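Structure file run37.cif (mmCIF, C-alpha atoms) follows.
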```
data_target
#
loop_
_atom_site.group_PDB
_atom_site.id
_atom_site.type_symbol
_atom_site.label_atom_id
_atom_site.label_comp_id
_atom_site.auth_asym_id
_atom_site.auth_seq_id
_atom_site.Cartn_x
_atom_site.Cartn_y
_atom_site.Cartn_z
ATOM 1 C CA ILE A 1 45.453 137.846 29.966
ATOM 2 C CA LEU A 2 45.446 139.424 33.427
ATOM 3 C CA LEU A 3 49.115 138.592 33.919
ATOM 4 C CA LYS A 4 49.992 140.174 30.579
ATOM 5 C CA ARG A 5 48.106 143.284 31.714
ATOM 6 C CA LYS A 6 50.060 143.206 35.009
ATOM 7 C CA LYS A 7 46.857 142.765 36.998
ATOM 8 C CA TYR A 8 48.540 140.290 39.291
ATOM 9 C CA ASP A 9 46.058 140.468 42.166
ATOM 10 C CA GLU A 10 43.100 139.726 39.898
ATOM 11 C CA ALA A 11 45.041 136.880 38.278
ATOM 12 C CA TYR A 12 45.854 135.416 41.685
ATOM 13 C CA ASN A 13 42.238 135.565 42.847
ATOM 14 C CA ILE A 14 41.220 133.433 39.863
ATOM 15 C CA PHE A 15 44.232 131.137 39.811
ATOM 16 C CA LYS A 16 44.136 130.105 43.489
ATOM 17 C CA ASP A 17 40.706 128.525 42.902
ATOM 18 C CA ILE A 18 41.644 126.603 39.756
ATOM 19 C CA GLU A 19 45.317 125.777 40.404
ATOM 20 C CA ALA A 20 44.629 122.126 41.237
ATOM 21 C CA GLN A 21 42.808 121.694 37.913
ATOM 22 C CA VAL A 22 45.628 123.079 35.730
ATOM 23 C CA LYS A 23 47.216 120.100 33.993
ATOM 24 C CA ASP A 24 49.546 121.818 31.515
ATOM 25 C CA THR A 25 52.831 122.344 33.379
ATOM 26 C CA ASN A 26 53.911 125.160 31.043
ATOM 27 C CA ASP A 27 50.756 127.107 31.919
ATOM 28 C CA LEU A 28 51.252 126.298 35.581
ATOM 29 C CA PHE A 29 54.833 127.531 35.741
ATOM 30 C CA TYR A 30 54.037 130.569 33.650
ATOM 31 C CA VAL A 31 51.649 131.643 36.422
ATOM 32 C CA TYR A 32 53.994 130.509 39.222
ATOM 33 C CA TYR A 33 56.763 132.645 37.765
ATOM 34 C CA TYR A 34 54.757 135.865 37.434
ATOM 35 C CA LEU A 35 53.004 135.575 40.785
ATOM 36 C CA GLY A 36 56.312 134.705 42.446
ATOM 37 C CA SER A 37 58.238 137.526 40.837
ATOM 38 C CA SER A 38 55.669 140.305 40.487
ATOM 39 C CA HIS A 39 52.751 140.108 42.940
ATOM 40 C CA LYS A 40 52.765 142.945 45.501
ATOM 41 C CA ASP A 41 51.770 140.777 48.468
ATOM 42 C CA LEU A 42 54.964 139.286 49.922
ATOM 43 C CA LYS A 43 53.150 136.204 51.234
ATOM 44 C CA VAL A 44 51.780 135.446 47.765
ATOM 45 C CA LYS A 45 55.220 135.993 46.215
ATOM 46 C CA GLU A 46 56.862 133.723 48.759
ATOM 47 C CA LYS A 47 54.210 131.027 48.269
ATOM 48 C CA TYR A 48 54.818 130.792 44.519
ATOM 49 C CA CYS A 49 58.575 131.195 44.707
ATOM 50 C CA LYS A 50 58.640 128.137 46.986
ATOM 51 C CA LYS A 51 56.254 126.177 44.753
ATOM 52 C CA PHE A 52 58.387 126.991 41.715
ATOM 53 C CA VAL A 53 61.840 126.138 43.076
ATOM 54 C CA HIS A 54 60.738 123.059 45.064
ATOM 55 C CA SER A 55 58.787 121.435 42.248
ATOM 56 C CA LYS A 56 60.199 118.216 40.810
ATOM 57 C CA GLU A 57 58.491 118.681 37.448
ATOM 58 C CA ILE A 58 59.699 122.032 36.149
ATOM 59 C CA PRO A 59 59.429 122.257 32.337
ATOM 60 C CA GLU A 60 62.829 122.563 30.669
ATOM 61 C CA TYR A 61 62.169 126.138 29.485
ATOM 62 C CA TYR A 62 61.482 127.361 33.044
ATOM 63 C CA VAL A 63 64.486 125.766 34.785
ATOM 64 C CA LYS A 64 66.616 128.812 33.929
ATOM 65 C CA PHE A 65 64.328 131.011 36.037
ATOM 66 C CA LYS A 66 64.894 129.065 39.283
ATOM 67 C CA PRO A 67 67.793 131.289 40.482
ATOM 68 C CA ASP A 68 65.626 134.398 39.960
ATOM 69 C CA LEU A 69 62.899 132.937 42.160
ATOM 70 C CA TYR A 70 65.422 131.881 44.801
ATOM 71 C CA ARG A 71 66.729 135.438 44.847
ATOM 72 C CA THR A 72 63.220 136.904 45.090
ATOM 73 C CA TRP A 73 62.346 134.525 47.917
ATOM 74 C CA ALA A 74 65.569 135.473 49.714
ATOM 75 C CA SER A 75 64.846 139.191 49.267
ATOM 76 C CA ILE A 76 61.449 138.696 50.958
ATOM 77 C CA ALA A 77 63.131 137.086 53.965
ATOM 78 C CA LYS A 78 65.633 139.950 54.032
ATOM 79 C CA LEU A 79 62.859 142.559 53.956
ATOM 80 C CA GLU A 80 61.300 140.776 56.929
ATOM 81 C CA GLY A 81 64.612 141.064 58.791
ATOM 82 C CA ASP A 82 65.250 137.315 58.919
ATOM 83 C CA PHE A 83 68.844 137.229 57.725
ATOM 84 C CA ASP A 84 69.416 133.604 58.788
ATOM 85 C CA LYS A 85 66.508 132.512 56.589
ATOM 86 C CA THR A 86 67.830 134.718 53.780
ATOM 87 C CA ARG A 87 71.183 132.998 54.017
ATOM 88 C CA ARG A 88 69.597 129.518 54.000
ATOM 89 C CA ILE A 89 67.574 130.308 50.871
ATOM 90 C CA LEU A 90 70.570 131.731 49.020
ATOM 91 C CA ASN A 91 72.728 128.728 49.926
ATOM 92 C CA GLU A 92 69.952 126.399 48.757
ATOM 93 C CA GLY A 93 69.757 128.323 45.486
ATOM 94 C CA ILE A 94 73.531 128.208 44.980
ATOM 95 C CA ALA A 95 73.563 124.443 45.512
ATOM 96 C CA ASP A 96 70.621 124.039 43.117
ATOM 97 C CA THR A 97 72.022 126.199 40.292
ATOM 98 C CA LYS A 98 74.266 124.803 37.565
ATOM 99 C CA ASN A 99 74.570 127.933 35.410
ATOM 100 C CA GLU A 100 77.749 129.653 36.595
ATOM 101 C CA ARG A 101 76.615 133.204 35.782
ATOM 102 C CA ARG A 102 73.346 132.807 37.669
ATOM 103 C CA LYS A 103 75.092 131.031 40.534
ATOM 104 C CA LYS A 104 77.503 133.971 40.795
ATOM 105 C CA SER A 105 74.553 136.345 41.134
ATOM 106 C CA LEU A 106 73.268 134.370 44.130
ATOM 107 C CA GLU A 107 76.772 134.254 45.604
ATOM 108 C CA LYS A 108 76.981 138.042 45.317
ATOM 109 C CA ALA A 109 73.649 138.388 47.096
ATOM 110 C CA LEU A 110 75.075 136.239 49.908
ATOM 111 C CA LEU A 111 78.224 138.381 50.126
ATOM 112 C CA GLN A 112 76.045 141.497 50.062
ATOM 113 C CA LEU A 113 74.215 140.179 53.103
ATOM 114 C CA ASP A 114 77.551 139.962 54.920
ATOM 115 C CA CYS A 115 78.027 143.736 54.479
ATOM 116 C CA ILE A 116 75.081 144.470 56.784
ATOM 117 C CA GLY A 117 76.134 145.602 60.237
ATOM 118 C CA LYS A 118 79.675 146.416 59.115
ATOM 119 C CA PRO A 119 81.208 149.896 58.652
ATOM 120 C CA ALA A 120 80.340 151.464 55.303
ATOM 121 C CA PHE A 121 83.059 151.433 52.683
ATOM 122 C CA PRO A 122 84.460 154.781 51.540
ATOM 123 C CA ILE A 123 83.274 155.620 48.033
ATOM 124 C CA SER A 124 85.860 156.475 45.398
ATOM 125 C CA VAL A 125 84.638 159.234 43.090
ATOM 126 C CA ASP A 126 86.179 160.895 40.029
ATOM 127 C CA ALA A 127 83.536 163.592 39.521
ATOM 128 C CA TRP A 128 80.771 165.098 41.647
ATOM 129 C CA LEU A 129 77.661 166.727 40.229
ATOM 130 C CA ASN A 130 75.155 168.813 42.224
ATOM 131 C CA SER A 131 77.547 168.838 45.174
ATOM 132 C CA PRO A 132 81.086 169.463 46.386
ATOM 133 C CA ALA A 133 83.064 166.313 47.185
ATOM 134 C CA LEU A 134 81.635 164.256 50.048
ATOM 135 C CA LYS A 135 83.372 161.731 52.305
ATOM 136 C CA MET A 136 81.644 158.958 54.195
ATOM 137 C CA GLU A 137 83.454 159.782 57.439
ATOM 138 C CA ASP A 138 82.108 163.334 57.280
ATOM 139 C CA LEU A 139 78.529 162.043 56.981
ATOM 140 C CA LYS A 140 78.449 160.185 60.299
ATOM 141 C CA GLY A 141 75.501 161.384 62.357
ATOM 142 C CA GLN A 142 73.310 161.345 59.247
ATOM 143 C CA VAL A 143 71.440 158.494 57.602
ATOM 144 C CA VAL A 144 72.920 157.961 54.144
ATOM 145 C CA GLY A 145 71.374 156.338 51.100
ATOM 146 C CA ILE A 146 73.706 155.451 48.220
ATOM 147 C CA THR A 147 71.684 154.535 45.160
ATOM 148 C CA PHE A 148 73.647 152.812 42.393
ATOM 149 C CA TRP A 149 72.060 153.792 39.090
ATOM 150 C CA ALA A 150 72.704 154.603 35.410
ATOM 151 C CA PRO A 151 70.899 156.820 32.845
ATOM 152 C CA TRP A 152 70.474 153.825 30.499
ATOM 153 C CA CYS A 153 68.632 151.803 33.179
ATOM 154 C CA PRO A 154 64.798 151.936 32.768
ATOM 155 C CA SER A 155 64.128 150.862 36.368
ATOM 156 C CA CYS A 156 66.471 153.583 37.617
ATOM 157 C CA ARG A 157 64.587 156.167 35.591
ATOM 158 C CA VAL A 158 61.261 154.977 37.019
ATOM 159 C CA MET A 159 62.650 155.443 40.543
ATOM 160 C CA THR A 160 63.904 158.969 39.887
ATOM 161 C CA GLN A 161 60.819 160.962 40.879
ATOM 162 C CA SER A 162 60.337 158.957 44.060
ATOM 163 C CA LEU A 163 63.983 159.468 45.020
ATOM 164 C CA VAL A 164 63.671 163.208 44.396
ATOM 165 C CA GLU A 165 60.627 163.259 46.703
ATOM 166 C CA LEU A 166 62.539 161.219 49.294
ATOM 167 C CA HIS A 167 65.448 163.649 49.126
ATOM 168 C CA ASN A 168 63.190 166.707 49.426
ATOM 169 C CA GLU A 169 61.264 165.273 52.365
ATOM 170 C CA TYR A 170 64.230 164.190 54.486
ATOM 171 C CA LYS A 171 67.221 166.297 53.383
ATOM 172 C CA ASP A 172 66.765 168.681 56.324
ATOM 173 C CA LYS A 173 65.949 165.914 58.813
ATOM 174 C CA GLY A 174 69.278 164.107 58.861
ATOM 175 C CA PHE A 175 69.260 162.208 55.574
ATOM 176 C CA LYS A 176 71.778 162.412 52.731
ATOM 177 C CA LEU A 177 70.974 160.771 49.401
ATOM 178 C CA ILE A 178 73.817 160.110 46.949
ATOM 179 C CA GLY A 179 73.347 158.832 43.411
ATOM 180 C CA TYR A 180 76.340 156.708 42.384
ATOM 181 C CA THR A 181 77.146 155.786 38.807
ATOM 182 C CA ARG A 182 80.224 155.174 36.689
ATOM 183 C CA PHE A 183 81.652 155.921 33.285
ATOM 184 C CA TYR A 184 80.593 153.225 30.813
ATOM 185 C CA GLY A 185 82.337 154.598 27.715
ATOM 186 C CA SER A 186 78.932 155.101 26.082
ATOM 187 C CA TYR A 187 75.800 157.119 26.743
ATOM 188 C CA LYS A 188 72.079 156.338 26.555
ATOM 189 C CA ASP A 189 69.009 157.620 28.378
ATOM 190 C CA ASP A 190 65.271 157.851 27.698
ATOM 191 C CA LYS A 191 65.768 160.435 24.926
ATOM 192 C CA ILE A 192 69.099 159.782 23.235
ATOM 193 C CA ASP A 193 71.487 156.962 22.381
ATOM 194 C CA LEU A 194 74.949 158.296 21.493
ATOM 195 C CA GLY A 195 76.782 154.979 21.506
ATOM 196 C CA LYS A 196 80.463 155.223 22.365
ATOM 197 C CA VAL A 197 81.540 158.587 23.795
ATOM 198 C CA LYS A 198 84.572 160.067 25.511
ATOM 199 C CA LYS A 199 84.517 160.541 29.259
ATOM 200 C CA GLU A 200 83.993 164.303 29.056
ATOM 201 C CA GLU A 201 80.999 163.915 26.748
ATOM 202 C CA GLU A 202 79.508 161.183 28.929
ATOM 203 C CA LEU A 203 79.808 163.395 32.019
ATOM 204 C CA GLU A 204 78.253 166.355 30.234
ATOM 205 C CA ASN A 205 75.285 164.245 29.128
ATOM 206 C CA ILE A 206 74.802 162.956 32.673
ATOM 207 C CA ARG A 207 74.762 166.589 33.782
ATOM 208 C CA LYS A 208 72.140 167.462 31.157
ATOM 209 C CA TYR A 209 70.085 164.443 32.191
ATOM 210 C CA LEU A 210 70.087 165.606 35.816
ATOM 211 C CA GLU A 211 68.946 169.072 34.732
ATOM 212 C CA ARG A 212 66.189 167.707 32.491
ATOM 213 C CA LYS A 213 64.911 165.343 35.200
ATOM 214 C CA LYS A 214 65.372 168.031 37.885
ATOM 215 C CA ILE A 215 67.441 165.724 40.082
ATOM 216 C CA PRO A 216 68.841 167.885 42.909
ATOM 217 C CA TYR A 217 70.701 165.410 45.134
ATOM 218 C CA PRO A 218 74.474 164.748 44.900
ATOM 219 C CA ILE A 219 75.628 162.509 42.074
ATOM 220 C CA ALA A 220 78.968 160.704 42.232
ATOM 221 C CA VAL A 221 80.594 159.386 39.046
ATOM 222 C CA ALA A 222 83.455 156.887 39.213
ATOM 223 C CA ASP A 223 85.935 155.682 36.619
ATOM 224 C CA HIS A 224 86.152 152.186 38.101
ATOM 225 C CA LYS A 225 84.075 149.469 39.758
ATOM 226 C CA ASP A 226 85.651 149.539 43.240
ATOM 227 C CA SER A 227 82.517 150.573 45.127
ATOM 228 C CA TYR A 228 80.396 148.161 43.071
ATOM 229 C CA LYS A 229 82.725 145.355 44.133
ATOM 230 C CA ASN A 230 82.785 146.453 47.787
ATOM 231 C CA TYR A 231 78.991 146.343 48.008
ATOM 232 C CA GLN A 232 78.663 143.339 45.646
ATOM 233 C CA VAL A 233 76.480 145.372 43.277
ATOM 234 C CA SER A 234 75.656 143.260 40.233
ATOM 235 C CA ALA A 235 72.503 145.091 39.096
ATOM 236 C CA VAL A 236 71.104 148.597 39.122
ATOM 237 C CA PRO A 237 69.230 150.088 40.809
ATOM 238 C CA THR A 238 70.692 149.001 44.137
ATOM 239 C CA MET A 239 70.427 151.091 47.299
ATOM 240 C CA VAL A 240 72.761 150.886 50.287
ATOM 241 C CA ILE A 241 71.302 152.374 53.477
ATOM 242 C CA ILE A 242 73.798 153.460 56.141
ATOM 243 C CA ASP A 243 72.861 154.352 59.717
ATOM 244 C CA LYS A 244 73.988 157.363 61.749
ATOM 245 C CA LYS A 245 76.924 155.414 63.170
ATOM 246 C CA GLY A 246 78.292 154.800 59.693
ATOM 247 C CA LYS A 247 77.306 151.118 59.517
ATOM 248 C CA VAL A 248 75.482 149.412 56.664
ATOM 249 C CA ASP A 249 71.908 148.832 57.799
ATOM 250 C CA PHE A 250 70.391 147.402 54.622
ATOM 251 C CA ILE A 251 71.030 146.786 50.922
ATOM 252 C CA THR A 252 68.105 146.449 48.549
ATOM 253 C CA VAL A 253 68.172 145.542 44.853
ATOM 254 C CA GLY A 254 65.545 146.703 42.351
ATOM 255 C CA GLY A 255 63.110 149.558 42.170
ATOM 256 C CA GLY A 256 59.987 148.126 43.774
ATOM 257 C CA LYS A 257 60.728 148.688 47.473
ATOM 258 C CA LEU A 258 60.353 152.457 47.849
ATOM 259 C CA SER A 259 57.784 152.329 50.658
ATOM 260 C CA PHE A 260 60.121 149.985 52.571
ATOM 261 C CA ILE A 261 63.086 152.300 51.917
ATOM 262 C CA LYS A 262 61.146 155.343 53.119
ATOM 263 C CA ASN A 263 60.056 153.594 56.322
ATOM 264 C CA LYS A 264 63.579 152.327 56.914
ATOM 265 C CA ILE A 265 65.064 155.820 56.531
ATOM 266 C CA LYS A 266 62.420 157.364 58.794
ATOM 267 C CA THR A 267 63.107 154.742 61.479
ATOM 268 C CA LEU A 268 66.871 155.258 61.306
ATOM 269 C CA ILE A 269 66.530 159.047 61.476
ATOM 270 C CA GLU A 270 64.392 158.744 64.599
ATOM 271 C CA ALA A 271 66.733 156.223 66.246
ATOM 272 C CA PRO A 272 69.014 157.572 69.016
#
```
This entry written out as structure tokens:
Amino acid sequence: ILLKRKKYDEAYNIFKDIEAQVKDTNDLFYVYYYLGSSHKDLKVKEKYCKKFVHSKEIPEYYVKFKPDLYRTWASIAKLEGDFDKTRRILNEGIADTKNERRKKSLEKALLQLDCIGKPAFPISVDAWLNSPALKMEDLKGQVVGITFWAPWCPSCRVMTQSLVELHNEYKDKGFKLIGYTRFYGSYKDDKIDLGKVKKEEELENIRKYLERKKIPYPIAVADHKDSYKNYQVSAVPTMVIIDKKGKVDFITVGGGKLSFIKNKIKTLIEAP
């Protein structure tokens, strides 16, 4: 009940005392999955990710979730700055995954890790909103955050207000936030679902969405997937953080790491 209500900490406090008594493996892995994927404490998440993926008695229904837990476990190691451990976990997950689509997701996460420390890729853009055209080489000396997003993405919409606050707080302190999306040939957001649309109509609805949500930072719209491929973006939201020297400092997937992102940006701004 607590897990269904997303009260993960309360659920954990009960479960840790009765775990050894739980005999039904479906119940056990139900809890392992949610604590491993959703608990706020990284140590708790890591504990149950490891228990899940290293168990020899995973019920058939839950086997398909193993790559997700490997990826979550790897993301924890990455947040802690241990890239060697991140790489080991991802390689273990790749070797342990038979589903080709899920294996590809882990392989992309591994390639994404290889982007860190390398010069940022230029971003190809077909239309700019809220800004004149920007070039990565012109932004050296600033910390840059490129957030890959889409109006149809619920997690992206949840992040919006926090990103606006991040932009407002640091825009005059050496930080440039860029929202990056692409033409999908259709349009959907939290209010409307237009289905298939022409490019001009899609762009106009993105513009209206930005106005309605009061999103002030630059938005880049592309007609291709080049930048997604360069940064191995397979899910939105994804944020690429680039340091003042124009090198990729970090790439984070998902919308639950805003405090980490804020601290990372503050640290990079203050760095010489």
**OP:** Tell me, as number ranges by chain, which residues lie within 10 Å of Lys103 in chain A, counting all atoms listed in the file; anything in the same chain fewer than 4 positions away does not count.
**Re:** A: 67, 90-91, 93-99, 107-109
Subject >> Between CA of Asp226 in chain A and CA of Glu200 in chain A, distance in Å (one decimal) >> reply: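 For CA of Asp226 in chain A relative to CA of Glu200 in chain A, the distance reads 20.5 Å.
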**OP:** Would you kindly translate the PyMOL selection byres ((chain A and resi 222) around 12) into the concrete residues it picks from this file, as a count of residues only?
**Re:** 29
Subject >> Explicit residue set for the PyMOL selection byres ((chain A and resi 43-56) around 9), as number ranges by chain >> reply: A: 12, 29, 31-42, 57-58, 63, 65-67, 69-70, 72-74, 76-77, 93
**OP:** Could you tell me which residues the PyMOL selection byres ((chain A and resi 15) around 12) grabs in this file, written as a PyMOL selection string?
**Re:** chain A and resi 1-3+8-14+16-22+27-32+34-35+44+48
Original post:
If we count only C-alpha atoms, what is near Asn168 in chain A at a cut-off of 12 Å, once residues fewer than 6 positions away on the same chain are taken out, given as a PyMOL selection string?
Top reply: chain A and resi 161-162+174-177+214-217
Just-selected residues, C-alpha atoms written as a short mmCIF file (atom, residue, chain, number, x, y, z; two decimals), keeping the file's coordinate frame:
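Saved file out_25.cif follows:
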```cif
data_model
loop_
_atom_site.label_atom_id
_atom_site.label_comp_id
_atom_site.auth_asym_id
_atom_site.auth_seq_id
_atom_site.Cartn_x
_atom_site.Cartn_y
_atom_site.Cartn_z
CA GLN A 161 60.82 160.96 40.88
CA SER A 162 60.34 158.96 44.06
CA GLY A 174 69.28 164.11 58.86
CA PHE A 175 69.26 162.21 55.57
CA LYS A 176 71.78 162.41 52.73
CA LEU A 177 70.97 160.77 49.40
CA LYS A 214 65.37 168.03 37.88
CA ILE A 215 67.44 165.72 40.08
CA PRO A 216 68.84 167.88 42.91
CA TYR A 217 70.70 165.41 45.13
#
```
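Atom pair CA of Thr25 in chain A / CA of Arg102 in chain A: separated by 23.4 Å.
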Original post:
So how far away is CA of Pro218 in chain A from CA of Gly117 in chain A, in Å?
Top reply: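 It comes out at 24.6 Å.
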Original post:
Smallest atom-to-atom distance to Pro132 in chain A: which of A:Leu268, A:Glu201, A:Leu111, A:Ile178, using all atoms listed in the file?
Top reply: A:Ile178
Original post:
Looking at only C-alpha atoms, which of A:Ser234, A:Asn130, A:Leu113, A:Thr147 is the one that sits closest to Leu79 in chain A?
Top reply: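 Comparing A:Ser234, A:Asn130, A:Leu113, A:Thr147 against Leu79 in chain A, the winner is A:Leu113.
For the set A:Tyr231, A:Val143, A:Val197, A:Cys156, the residue with the smallest atom-to-atom gap to Ala271 in chain A is A:Val143, counting only C-alpha atoms.
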Original post:
Can you list, as a list in words, every protein, DNA or RNA residue that comes within 6 Å of range 243-248 of chain A when you count all atoms listed in the file, leaving out same-chain residues fewer than 6 positions away?
Top reply: Ile116, Gly117, Lys118, Pro119, Ala120, Lys140, Gly141, Gln142 and Val143 of chain A
Please give the centre and size of the box around range 9-20 of chain A (axis-aligned, containing every atom listed in the file, 5 Å added per side), with values in Å to one decimal and written as lines of an AutoDock Vina configuration file.
```
center_x = 43.4
center_y = 131.3
center_z = 40.9
size_x = 15.4
size_y = 28.3
size_z = 15.2
```
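Shortest atom-to-atom contact with Glu137 in chain A among A:Tyr62, A:Ile242, A:Asp189, A:Ser259: A:Ile242, counting all atoms listed in the file.
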Original post:
Given the choices A:Ile269, A:Pro237, A:Phe250, A:Lys7, which gets closest to Ser75 in chain A if the distance is worked out from all atoms listed in the file?
Top reply: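 Comparing A:Ile269, A:Pro237, A:Phe250, A:Lys7 against Ser75 in chain A, the winner is A:Phe250.
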Test item: write range 161-176 of chain A with N, CA, C and O atoms as a PDB file, in the first residue's frame:
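What landed in selection28.pdb:
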```
ATOM      1  N   GLN A 161       9.291  23.814 -14.427  1.00  0.00           N
ATOM      2  CA  GLN A 161       9.359  24.912 -13.467  1.00  0.00           C
ATOM      3  C   GLN A 161      10.717  24.985 -12.793  1.00  0.00           C
ATOM      4  O   GLN A 161      11.264  26.071 -12.590  1.00  0.00           O
ATOM      5  N   SER A 162      11.280  23.826 -12.479  1.00  0.00           N
ATOM      6  CA  SER A 162      12.605  23.800 -11.854  1.00  0.00           C
ATOM      7  C   SER A 162      13.681  24.315 -12.802  1.00  0.00           C
ATOM      8  O   SER A 162      14.620  25.008 -12.381  1.00  0.00           O
ATOM      9  N   LEU A 163      13.555  23.994 -14.088  1.00  0.00           N
ATOM     10  CA  LEU A 163      14.520  24.486 -15.069  1.00  0.00           C
ATOM     11  C   LEU A 163      14.395  25.995 -15.258  1.00  0.00           C
ATOM     12  O   LEU A 163      15.403  26.690 -15.423  1.00  0.00           O
ATOM     13  N   VAL A 164      13.165  26.492 -15.234  1.00  0.00           N
ATOM     14  CA  VAL A 164      12.954  27.944 -15.319  1.00  0.00           C
ATOM     15  C   VAL A 164      13.629  28.625 -14.127  1.00  0.00           C
ATOM     16  O   VAL A 164      14.313  29.656 -14.282  1.00  0.00           O
ATOM     17  N   GLU A 165      13.461  28.067 -12.944  1.00  0.00           N
ATOM     18  CA  GLU A 165      14.092  28.632 -11.739  1.00  0.00           C
ATOM     19  C   GLU A 165      15.616  28.563 -11.844  1.00  0.00           C
ATOM     20  O   GLU A 165      16.316  29.506 -11.457  1.00  0.00           O
ATOM     21  N   LEU A 166      16.128  27.455 -12.383  1.00  0.00           N
ATOM     22  CA  LEU A 166      17.564  27.299 -12.571  1.00  0.00           C
ATOM     23  C   LEU A 166      18.094  28.356 -13.534  1.00  0.00           C
ATOM     24  O   LEU A 166      19.130  29.001 -13.269  1.00  0.00           O
ATOM     25  N   HIS A 167      17.382  28.538 -14.632  1.00  0.00           N
ATOM     26  CA  HIS A 167      17.753  29.560 -15.613  1.00  0.00           C
ATOM     27  C   HIS A 167      17.751  30.944 -14.979  1.00  0.00           C
ATOM     28  O   HIS A 167      18.718  31.716 -15.130  1.00  0.00           O
ATOM     29  N   ASN A 168      16.699  31.288 -14.265  1.00  0.00           N
ATOM     30  CA  ASN A 168      16.578  32.626 -13.672  1.00  0.00           C
ATOM     31  C   ASN A 168      17.661  32.882 -12.626  1.00  0.00           C
ATOM     32  O   ASN A 168      18.160  34.009 -12.505  1.00  0.00           O
ATOM     33  N   GLU A 169      18.021  31.848 -11.881  1.00  0.00           N
ATOM     34  CA  GLU A 169      19.007  32.025 -10.818  1.00  0.00           C
ATOM     35  C   GLU A 169      20.427  32.197 -11.354  1.00  0.00           C
ATOM     36  O   GLU A 169      21.222  32.972 -10.797  1.00  0.00           O
ATOM     37  N   TYR A 170      20.755  31.504 -12.446  1.00  0.00           N
ATOM     38  CA  TYR A 170      22.155  31.480 -12.884  1.00  0.00           C
ATOM     39  C   TYR A 170      22.416  32.123 -14.249  1.00  0.00           C
ATOM     40  O   TYR A 170      23.569  32.168 -14.686  1.00  0.00           O
ATOM     41  N   LYS A 171      21.396  32.642 -14.911  1.00  0.00           N
ATOM     42  CA  LYS A 171      21.587  33.187 -16.256  1.00  0.00           C
ATOM     43  C   LYS A 171      22.566  34.343 -16.295  1.00  0.00           C
ATOM     44  O   LYS A 171      23.235  34.578 -17.310  1.00  0.00           O
ATOM     45  N   ASP A 172      22.654  35.113 -15.209  1.00  0.00           N
ATOM     46  CA  ASP A 172      23.571  36.255 -15.159  1.00  0.00           C
ATOM     47  C   ASP A 172      24.850  35.938 -14.401  1.00  0.00           C
ATOM     48  O   ASP A 172      25.624  36.841 -14.059  1.00  0.00           O
ATOM     49  N   LYS A 173      25.076  34.648 -14.128  1.00  0.00           N
ATOM     50  CA  LYS A 173      26.258  34.234 -13.367  1.00  0.00           C
ATOM     51  C   LYS A 173      27.168  33.320 -14.171  1.00  0.00           C
ATOM     52  O   LYS A 173      28.050  32.665 -13.611  1.00  0.00           O
ATOM     53  N   GLY A 174      26.927  33.269 -15.491  1.00  0.00           N
ATOM     54  CA  GLY A 174      27.791  32.450 -16.335  1.00  0.00           C
ATOM     55  C   GLY A 174      27.215  31.113 -16.732  1.00  0.00           C
ATOM     56  O   GLY A 174      27.964  30.173 -17.035  1.00  0.00           O
ATOM     57  N   PHE A 175      25.878  31.022 -16.758  1.00  0.00           N
ATOM     58  CA  PHE A 175      25.224  29.769 -17.134  1.00  0.00           C
ATOM     59  C   PHE A 175      24.232  30.004 -18.276  1.00  0.00           C
ATOM     60  O   PHE A 175      23.451  30.952 -18.251  1.00  0.00           O
ATOM     61  N   LYS A 176      24.297  29.147 -19.275  1.00  0.00           N
ATOM     62  CA  LYS A 176      23.367  29.197 -20.403  1.00  0.00           C
ATOM     63  C   LYS A 176      22.616  27.871 -20.500  1.00  0.00           C
ATOM     64  O   LYS A 176      23.216  26.812 -20.668  1.00  0.00           O
TER      65      LYS A 176
END
```
